[in-house]
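A short worksheet on the structure shown next.
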Amino acid sequence: MHSDGTISIRVNGEHKRVKDGVTLAELASELGLVPEKVAVERNMEVVPRSTLKDVRVEDGDELEIVHFVGGGDHQAAVDADSWTVAGRTFRSRLIVGTGKYKDFAQNAAAVEASGAEIVTVAVRRVNVSDPNAPMLTDFIDPKRVTYLPNTAGCFDADSAIRTLRLAREAGGWDLVKLEVLGEARTLYPNMRETLKATEVLVREGFKPMVYCTDDPIAAKQLEEAGAVAIMPLGAPIGSGLGIQNEVTIRLIVEGAGVPVLVDAGVGQASDAARAMELGCDGVLMNTAIAEAKDPILMAAAMKAAVESGRMGYRAGRMAKRRYADPSSPLAGLI
């Protein structure tokens with residue numbers, strides 16, 4: 001239980017903090033649901049509806065709440081393990097960037113192999129000297145893949161805000177990725193400017209997913225300011241070092257009421273899987289794929305790693321032990 005009297009749970013794949021002692025029926029009501037009209041699965045076991053008012057939620061519980069909706073047509077069902085950000089639901093938990101590829105064709109092929117449904121895009125000036133030059137939209141269709149405008153290269157709040165205002169005007173985007181960098185050598189976030197930009201963007205109707213340090217306090221401040229997703233770095237941008245501080249990433253996940261995605265530092269597939277095993281909702285990467293010897297194959301590897309890590313997290317790992325515990329009983333040996 002947290003010091004404020006709340007506990008951390010997951011409801012339909014989303015992190016939530018609720019008051020300690022709440023019953024399943026009370027939780028359903030708080031979510032705007034009628035307890036008598038829903039079915040609840042708690043830690044992979046169905047809870048009889050007649051007992052919802054008696055069963056209390058415990059810290060770490062994984063809940064699935066379902067109800068009946070109109071059906072019967074041929075629309076594809078949404079994966080039960082999908083995730084939602086700013087009211088938009090996605091199946092893929094892998095977000096990829098669109099920089100450093102040898103050309104747009106390779107970029108598009110990597111996106112296809114990754115299964116990503118979101119790509120980050122930098123906002124740059126139009127090449128007025130060659131208006132017929134190829135554009136990213138010619139290769140990656142924004143009607144099929146969600147474009148996430150990014151403030152890459154911005155070193156203060158004002159330039160980031162200005163960039164996203166232009167992005168919204170150009171494409172109507174309100175779901176955006178905010179990053180405000182501190183200095184060029186490390187590309188670490190400037191958290192004072194990041195928080196300032198977040199507050200302004202939220203007031204103007206943007207829904208910012210925010211790149212930040214792996215600091216649980218800063219992450220909570222961003223969420224309170226209106227960030228729709230928290231994106232702590234695993235390691236410096238483009239370093240490929242993997243997650244350097246699993247403890248703080250886990251603390252951010254446990255304390256967040258919005259999606260948490262590791263952003264920056266992934267170098268290999270095992271890094272992506274580890275981020276998911278820590279309970280993150282997703283992973284964002286660019287260089288790990290774009291600078292691989294075979295970007296298309298690496299994109300497929302990252303897709304598999306994210307899916308594998310997520311399944312491992314949902315399954316719940318075995319407890320760690322200090323000593324051996326044989327799989328077969330030692331009694332009765334010949």
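Following the order of the structure tokens, chains are lettered A, B, ..., residues in each are numbered from 1, and ligands are numbered from 1.
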
Exercise for the section: Pick out the residues sitting within 9 Å of Ala28 in chain A, and hand them over as a ChimeraX atom specification; count only C-alpha atoms, and ignore anything fewer than 6 positions along from it in its own chain. Expected result: /A:34-35,38,65

Practice task
Mind checking which residues fall within 10 Å of Thr84 in chain A, counting only C-alpha atoms, ignoring those fewer than 4 positions away in the same chain, and posting them as JSON, numbers by chain?
Solution key: {"A": [12, 13, 14, 88, 89, 90, 91, 228, 229, 258, 259, 281]}

Write out, as a PDB file, in the first residue's frame, the residues just selected, with N, CA and C atoms.
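Written file, again-v6.pdb:
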```pdb
ATOM      1  N   ASN A  12      -8.079  -3.957 -17.068  1.00  0.00           N
ATOM      2  CA  ASN A  12      -8.105  -4.077 -18.530  1.00  0.00           C
ATOM      3  C   ASN A  12      -6.819  -3.569 -19.164  1.00  0.00           C
ATOM      4  N   GLY A  13      -5.686  -3.927 -18.523  1.00  0.00           N
ATOM      5  CA  GLY A  13      -4.383  -3.591 -19.068  1.00  0.00           C
ATOM      6  C   GLY A  13      -3.856  -2.223 -18.704  1.00  0.00           C
ATOM      7  N   GLU A  14      -4.631  -1.418 -17.960  1.00  0.00           N
ATOM      8  CA  GLU A  14      -4.208  -0.063 -17.616  1.00  0.00           C
ATOM      9  C   GLU A  14      -3.892   0.038 -16.118  1.00  0.00           C
ATOM     10  N   ARG A  88      -7.487   6.565 -27.487  1.00  0.00           N
ATOM     11  CA  ARG A  88      -7.233   5.807 -28.712  1.00  0.00           C
ATOM     12  C   ARG A  88      -6.616   4.464 -28.352  1.00  0.00           C
ATOM     13  N   THR A  89      -7.133   3.420 -28.953  1.00  0.00           N
ATOM     14  CA  THR A  89      -6.715   2.062 -28.596  1.00  0.00           C
ATOM     15  C   THR A  89      -5.834   1.462 -29.688  1.00  0.00           C
ATOM     16  N   PHE A  90      -4.763   0.818 -29.253  1.00  0.00           N
ATOM     17  CA  PHE A  90      -3.806   0.199 -30.165  1.00  0.00           C
ATOM     18  C   PHE A  90      -3.515  -1.231 -29.721  1.00  0.00           C
ATOM     19  N   ARG A  91      -3.213  -2.091 -30.693  1.00  0.00           N
ATOM     20  CA  ARG A  91      -2.817  -3.462 -30.378  1.00  0.00           C
ATOM     21  C   ARG A  91      -1.308  -3.566 -30.199  1.00  0.00           C
ATOM     22  N   VAL A 228      -0.543  12.620 -21.167  1.00  0.00           N
ATOM     23  CA  VAL A 228      -1.382  11.437 -21.376  1.00  0.00           C
ATOM     24  C   VAL A 228      -0.561  10.162 -21.365  1.00  0.00           C
ATOM     25  N   ALA A 229       0.751  10.272 -21.406  1.00  0.00           N
ATOM     26  CA  ALA A 229       1.651   9.130 -21.284  1.00  0.00           C
ATOM     27  C   ALA A 229       2.998   9.635 -20.789  1.00  0.00           C
ATOM     28  N   VAL A 258      -1.342   6.730 -16.000  1.00  0.00           N
ATOM     29  CA  VAL A 258      -1.377   6.827 -17.461  1.00  0.00           C
ATOM     30  C   VAL A 258      -0.349   5.841 -18.003  1.00  0.00           C
ATOM     31  N   PRO A 259      -0.393   5.528 -19.300  1.00  0.00           N
ATOM     32  CA  PRO A 259       0.584   4.588 -19.861  1.00  0.00           C
ATOM     33  C   PRO A 259       2.025   5.051 -19.664  1.00  0.00           C
ATOM     34  N   ASP A 281       3.896  -0.152 -20.597  1.00  0.00           N
ATOM     35  CA  ASP A 281       2.820  -0.338 -21.572  1.00  0.00           C
ATOM     36  C   ASP A 281       3.345  -0.430 -22.997  1.00  0.00           C
TER      37      ASP A 281
END
```

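Distances to Pro236 in chain A were evaluated for A:Ser82, A:Asn150, A:Ser270, A:Thr186 using only C-alpha atoms, and the minimum falls at A:Thr186.
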
Handout entry: Who sits within 10 Å of Val46 in chain A, only C-alpha atoms, same chain under 6 positions skipped, as a ChimeraX atom specification
Key = /A:39-40,63-65

Problem - Selected residue of minimal separation from Asp59 in chain A among A:Phe155, A:Ile249, A:Ala197, A:Glu254, counting only C-alpha atoms - result: A:Glu254

Within 12 Å of Ala105 in chain A using only C-alpha atoms, minus same-chain residues under 6 positions, as a JSON list (two decimals) with all heavy atoms, in the first residue's frame:
```json
[["chain", "number", "residue", "atom", "x", "y", "z"],
["A", 98, "THR", "N", 11.24, 7.48, -37.36],
["A", 98, "THR", "CA", 11.36, 7.56, -38.82],
["A", 98, "THR", "C", 12.62, 8.31, -39.23],
["A", 98, "THR", "O", 12.63, 9.02, -40.23],
["A", 98, "THR", "CB", 10.12, 8.23, -39.43],
["A", 98, "THR", "OG1", 9.89, 9.49, -38.76],
["A", 98, "THR", "CG2", 8.88, 7.37, -39.26],
["A", 111, "VAL", "N", 8.76, -0.44, -40.70],
["A", 111, "VAL", "CA", 7.51, -0.22, -39.98],
["A", 111, "VAL", "C", 6.57, -1.40, -40.20],
["A", 111, "VAL", "O", 5.93, -1.89, -39.26],
["A", 111, "VAL", "CB", 6.84, 1.10, -40.44],
["A", 111, "VAL", "CG1", 5.43, 1.22, -39.85],
["A", 111, "VAL", "CG2", 7.67, 2.30, -40.02],
["A", 112, "GLU", "N", 6.49, -1.87, -41.42],
["A", 112, "GLU", "CA", 5.62, -3.02, -41.73],
["A", 112, "GLU", "C", 6.06, -4.25, -40.95],
["A", 112, "GLU", "O", 5.25, -4.97, -40.36],
["A", 112, "GLU", "CB", 5.67, -3.30, -43.23],
["A", 112, "GLU", "CG", 4.68, -4.35, -43.70],
["A", 112, "GLU", "CD", 3.24, -3.88, -43.62],
["A", 112, "GLU", "OE1", 3.00, -2.66, -43.68],
["A", 112, "GLU", "OE2", 2.35, -4.75, -43.49],
["A", 134, "PRO", "N", 10.54, 13.44, -52.66],
["A", 134, "PRO", "CA", 9.73, 12.44, -51.94],
["A", 134, "PRO", "C", 9.46, 12.87, -50.51],
["A", 134, "PRO", "O", 10.29, 13.51, -49.87],
["A", 134, "PRO", "CB", 10.60, 11.18, -51.99],
["A", 134, "PRO", "CG", 11.52, 11.40, -53.14],
["A", 134, "PRO", "CD", 11.79, 12.87, -53.19],
["A", 135, "MET", "N", 8.31, 12.49, -50.00],
["A", 135, "MET", "CA", 7.93, 12.80, -48.63],
["A", 135, "MET", "C", 7.57, 11.50, -47.91],
["A", 135, "MET", "O", 7.20, 10.50, -48.54],
["A", 135, "MET", "CB", 6.75, 13.77, -48.60],
["A", 135, "MET", "CG", 7.03, 15.12, -49.24],
["A", 135, "MET", "SD", 5.59, 16.22, -49.22],
["A", 135, "MET", "CE", 5.35, 16.44, -47.45],
["A", 136, "LEU", "N", 7.68, 11.52, -46.59],
["A", 136, "LEU", "CA", 7.40, 10.32, -45.80],
["A", 136, "LEU", "C", 5.99, 9.80, -46.06],
["A", 136, "LEU", "O", 5.75, 8.59, -46.12],
["A", 136, "LEU", "CB", 7.59, 10.63, -44.31],
["A", 136, "LEU", "CG", 7.39, 9.45, -43.36],
["A", 136, "LEU", "CD1", 8.48, 8.41, -43.56],
["A", 136, "LEU", "CD2", 7.41, 9.95, -41.90],
["A", 137, "THR", "N", 5.04, 10.72, -46.21],
["A", 137, "THR", "CA", 3.64, 10.31, -46.42],
["A", 137, "THR", "C", 3.44, 9.54, -47.71],
["A", 137, "THR", "O", 2.43, 8.85, -47.87],
["A", 137, "THR", "CB", 2.72, 11.54, -46.41],
["A", 137, "THR", "OG1", 3.23, 12.52, -47.32],
["A", 137, "THR", "CG2", 2.64, 12.15, -45.02],
["A", 138, "ASP", "N", 4.40, 9.63, -48.65],
["A", 138, "ASP", "CA", 4.31, 8.85, -49.88],
["A", 138, "ASP", "C", 4.59, 7.38, -49.64],
["A", 138, "ASP", "O", 4.23, 6.52, -50.46],
["A", 138, "ASP", "CB", 5.31, 9.38, -50.93],
["A", 138, "ASP", "CG", 5.03, 10.82, -51.33],
["A", 138, "ASP", "OD1", 3.85, 11.21, -51.31],
["A", 138, "ASP", "OD2", 6.00, 11.54, -51.65],
["A", 139, "PHE", "N", 5.24, 7.07, -48.50],
["A", 139, "PHE", "CA", 5.66, 5.70, -48.22],
["A", 139, "PHE", "C", 4.96, 5.10, -47.00],
["A", 139, "PHE", "O", 4.74, 3.89, -46.95],
["A", 139, "PHE", "CB", 7.18, 5.66, -48.00],
["A", 139, "PHE", "CG", 7.98, 5.99, -49.22],
["A", 139, "PHE", "CD1", 8.22, 7.31, -49.57],
["A", 139, "PHE", "CD2", 8.46, 4.98, -50.05],
["A", 139, "PHE", "CE1", 8.95, 7.63, -50.71],
["A", 139, "PHE", "CE2", 9.19, 5.28, -51.18],
["A", 139, "PHE", "CZ", 9.43, 6.61, -51.53],
["A", 140, "ILE", "N", 4.64, 5.93, -46.02],
["A", 140, "ILE", "CA", 3.93, 5.46, -44.82],
["A", 140, "ILE", "C", 2.63, 6.23, -44.75],
["A", 140, "ILE", "O", 2.62, 7.43, -44.48],
["A", 140, "ILE", "CB", 4.77, 5.66, -43.55],
["A", 140, "ILE", "CG1", 6.10, 4.91, -43.66],
["A", 140, "ILE", "CG2", 4.00, 5.21, -42.32],
["A", 140, "ILE", "CD1", 7.04, 5.14, -42.49],
["A", 295, "PRO", "N", 17.91, -3.81, -40.87],
["A", 295, "PRO", "CA", 16.83, -3.12, -40.16],
["A", 295, "PRO", "C", 15.49, -3.86, -40.23],
["A", 295, "PRO", "O", 14.73, -3.83, -39.25],
["A", 295, "PRO", "CB", 16.75, -1.76, -40.87],
["A", 295, "PRO", "CG", 18.11, -1.56, -41.45],
["A", 295, "PRO", "CD", 18.55, -2.92, -41.87],
["A", 296, "ILE", "N", 15.20, -4.50, -41.34],
["A", 296, "ILE", "CA", 13.91, -5.19, -41.47],
["A", 296, "ILE", "C", 13.84, -6.38, -40.51],
["A", 296, "ILE", "O", 12.84, -6.58, -39.81],
["A", 296, "ILE", "CB", 13.67, -5.65, -42.92],
["A", 296, "ILE", "CG1", 14.01, -4.54, -43.92],
["A", 296, "ILE", "CG2", 12.23, -6.11, -43.09],
["A", 296, "ILE", "CD1", 13.34, -3.23, -43.66]]
```

Handout entry: Distance in Å - CA of Thr151 in chain A versus CA of Lys102 in chain A
Key = 21.8 Å

Exercise for the section: Tell me, as a VMD selection string, which residues lie within 8 Å of Gly99 in chain A, counting only C-alpha atoms; anything in the same chain fewer than 6 positions away does not count. Expected result: chain A and resid 286 to 287 290

Keeping C-alpha atoms, export the residues of the selection given above as a short mmCIF file (atom, residue, chain, number, x, y, z; two decimals), in the first residue's frame.
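This went into part11.cif:
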```cif
data_model
loop_
_atom_site.label_atom_id
_atom_site.label_comp_id
_atom_site.auth_asym_id
_atom_site.auth_seq_id
_atom_site.Cartn_x
_atom_site.Cartn_y
_atom_site.Cartn_z
CA ASN A 286 14.47 4.34 -33.64
CA THR A 287 18.23 3.83 -33.79
CA ALA A 290 17.52 1.91 -38.23
#
```

Problem - Counting only C-alpha atoms, the option among A:Pro208, A:Gly226, A:Gly115, A:Gly153 closest to Val306 in chain A - result: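 The answer is A:Gly115, which sits nearest to Val306 in chain A.
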
Exercise for the section: Based on DSSP run over this structure's backbone, return all residues of range 23-242 of chain A in helix (DSSP H, G or I), as a PyMOL selection string. Expected result: chain A and resi 24-30+35-37+49-51+104-114+136-138+157-171+191-203+216-225

Practice task
Might you pull out every residue within 7 Å of range 308-310 of chain A, with only C-alpha atoms counted and same-chain residues fewer than 4 positions away left off, and present them as a list in words?
Solution key: Ala273, Arg274, Met276, Glu277, Ala304 and Arg314 of chain A

May I have the residues from that selection written out with C-alpha atoms, as a PDB file, in the first residue's frame?
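Output file part.pdb follows:
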```
ATOM      1  CA  ALA A 273      11.539  -7.501 -23.686  1.00  0.00           C
ATOM      2  CA  ARG A 274      12.923  -6.328 -20.342  1.00  0.00           C
ATOM      3  CA  MET A 276       7.806  -4.993 -21.018  1.00  0.00           C
ATOM      4  CA  GLU A 277       8.667  -7.425 -18.203  1.00  0.00           C
ATOM      5  CA  ALA A 304       8.565 -10.433 -31.136  1.00  0.00           C
ATOM      6  CA  ARG A 314       1.076 -10.942 -17.704  1.00  0.00           C
TER       7      ARG A 314
END
```

Considering only strand (DSSP E) as DSSP defines it on the backbone, what residues of range 257-308 of chain A qualify? List them as a PDB file with N, CA, C and O atoms, in the first residue's frame.
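See out.pdb below for the written result:
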```pdb
ATOM      1  N   LEU A 261       5.871   4.272 -21.227  1.00  0.00           N
ATOM      2  CA  LEU A 261       6.604   3.646 -22.318  1.00  0.00           C
ATOM      3  C   LEU A 261       8.080   4.017 -22.205  1.00  0.00           C
ATOM      4  O   LEU A 261       8.412   5.191 -22.064  1.00  0.00           O
ATOM      5  N   VAL A 262       8.962   3.036 -22.248  1.00  0.00           N
ATOM      6  CA  VAL A 262      10.391   3.330 -22.268  1.00  0.00           C
ATOM      7  C   VAL A 262      10.731   3.972 -23.604  1.00  0.00           C
ATOM      8  O   VAL A 262      10.360   3.475 -24.665  1.00  0.00           O
ATOM      9  N   ASP A 263      11.432   5.087 -23.538  1.00  0.00           N
ATOM     10  CA  ASP A 263      11.765   5.850 -24.740  1.00  0.00           C
ATOM     11  C   ASP A 263      13.256   6.165 -24.709  1.00  0.00           C
ATOM     12  O   ASP A 263      13.710   6.903 -23.841  1.00  0.00           O
ATOM     13  N   GLY A 282       4.564   0.026 -23.218  1.00  0.00           N
ATOM     14  CA  GLY A 282       5.115  -0.030 -24.561  1.00  0.00           C
ATOM     15  C   GLY A 282       6.551   0.436 -24.585  1.00  0.00           C
ATOM     16  O   GLY A 282       7.140   0.802 -23.553  1.00  0.00           O
ATOM     17  N   VAL A 283       7.133   0.416 -25.781  1.00  0.00           N
ATOM     18  CA  VAL A 283       8.524   0.822 -25.993  1.00  0.00           C
ATOM     19  C   VAL A 283       8.596   1.647 -27.275  1.00  0.00           C
ATOM     20  O   VAL A 283       7.954   1.301 -28.280  1.00  0.00           O
ATOM     21  N   LEU A 284       9.366   2.726 -27.235  1.00  0.00           N
ATOM     22  CA  LEU A 284       9.608   3.521 -28.435  1.00  0.00           C
ATOM     23  C   LEU A 284      11.085   3.408 -28.784  1.00  0.00           C
ATOM     24  O   LEU A 284      11.947   3.528 -27.909  1.00  0.00           O
ATOM     25  N   MET A 285      11.376   3.189 -30.066  1.00  0.00           N
ATOM     26  CA  MET A 285      12.774   3.083 -30.489  1.00  0.00           C
ATOM     27  C   MET A 285      12.923   3.552 -31.927  1.00  0.00           C
ATOM     28  O   MET A 285      11.975   3.546 -32.710  1.00  0.00           O
TER      29      MET A 285
END
```

Fill in the blank from the handout: What separates CA of Ala219 in chain A and CA of Tyr188 in chain A is a distance of 14.5 Å

Practice task
Please provide as JSON, numbers by chain all residues within 12 Å of Leu251 in chain A, with the sequence filter that same-chain residues fewer than 6 positions apart are discarded (counting only C-alpha atoms).
Solution key: {"A": [2, 8, 214, 215, 216, 217, 218, 219, 220, 232, 245, 260, 278, 279, 280]}

Practice task
Have a look at A:Arg250, A:Arg56, A:Arg93, A:Arg192 and name the one nearest to Leu24 in chain A; count only C-alpha atoms.
Solution key: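 Nearest candidate to Leu24 in chain A out of A:Arg250, A:Arg56, A:Arg93, A:Arg192: A:Arg56.
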
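Between CA of Ala300 in chain A and CA of Gln268 in chain A the separation is 11.7 Å.
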